[in-house]
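Novice: I'd like to ask some things about the structure below.
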Amino acid sequence: MARPGKAPKKAKKLTKGHAVTKLAKVAKPSYRKGRLSKRTALVRSVIREVTGFAPYERKVLELLQAGSTKDEKKALKVAKRRLGTHKRGVNKREYMRMVMQKMRHKN
């Protein structure tokens, strides 16, 4: 809809203006923040192997082994209460589920 007293604006071409080549962005060290390195992964796995699971993690495993939907919700509730947020609780429950699967395949 045109504004009173002015002509309507027209769409411009994508190729309009001076042609330039885009420069490749230089990878900054800050871009790696939060990404898991091989060394850190190895150290964490060794620590997990030595120390085992925390009591609340064992409780979550126990609830997941029961298998019912009710127990899965309870497992999330236990993890959430201990870790502080819903997202962390969901991630922990998924992690414990993966651990349980690995334990089954190992035996």
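We label chains A, B, ... in the order they appear in the structure tokens, count residues from 1 in each chain, and number ligands from 1 in the order shown.
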Could you pull out the helix (DSSP H, G or I) residues of stretch 5-107 of chain A from DSSP and send them as JSON, numbers by chain?

Specialist: {"A": [29, 30, 31, 32, 38, 39, 40, 41, 42, 43, 44, 45, 46, 47, 48, 49, 50, 51, 55, 56, 57, 58, 59, 60, 61, 62, 63, 64, 65, 66, 69, 70, 71, 72, 73, 74, 75, 76, 77, 78, 79, 80, 81, 82, 83, 86, 87, 88, 89, 90, 91, 92, 93, 94, 95, 96, 97, 98, 99, 100, 101, 102, 103, 104, 105, 106]}

Novice: Report as JSON lines: every residue of stretch 36-95 of chain A with an atom at most 9 Å from stretch 100-104 of chain A, its closest pair of atoms, and their distance in Å to one decimal, counting only C-alpha atoms, with rows sorted by chain and ascending residue number.

Specialist:
```
{"residue": "A:Leu61", "atom": "CA", "partner": "A:Met100", "partner_atom": "CA", "distance": 7.2}
{"residue": "A:Leu64", "atom": "CA", "partner": "A:Met100", "partner_atom": "CA", "distance": 8.4}
{"residue": "A:Gln65", "atom": "CA", "partner": "A:Met100", "partner_atom": "CA", "distance": 8.0}
{"residue": "A:Tyr95", "atom": "CA", "partner": "A:Met100", "partner_atom": "CA", "distance": 8.7}
```

Novice: Could you name the residues that touch A:Leu83 at 12 Å or less, counting only C-alpha atoms, but leaving out those on the same chain fewer than 5 positions away, as a PyMOL selection string?

Specialist: chain A and resi 56-57+76-78+88-93

Novice: My list of candidates is A:Val60, A:Arg48, A:Ala66, A:Leu36. Which is closest to A:Glu94 when distances are computed with only C-alpha atoms?

Specialist: A:Val60

Novice: Separation of atom CA of A:His86 and atom CA of A:Lys73, in Å?

Specialist: 11.7 Å
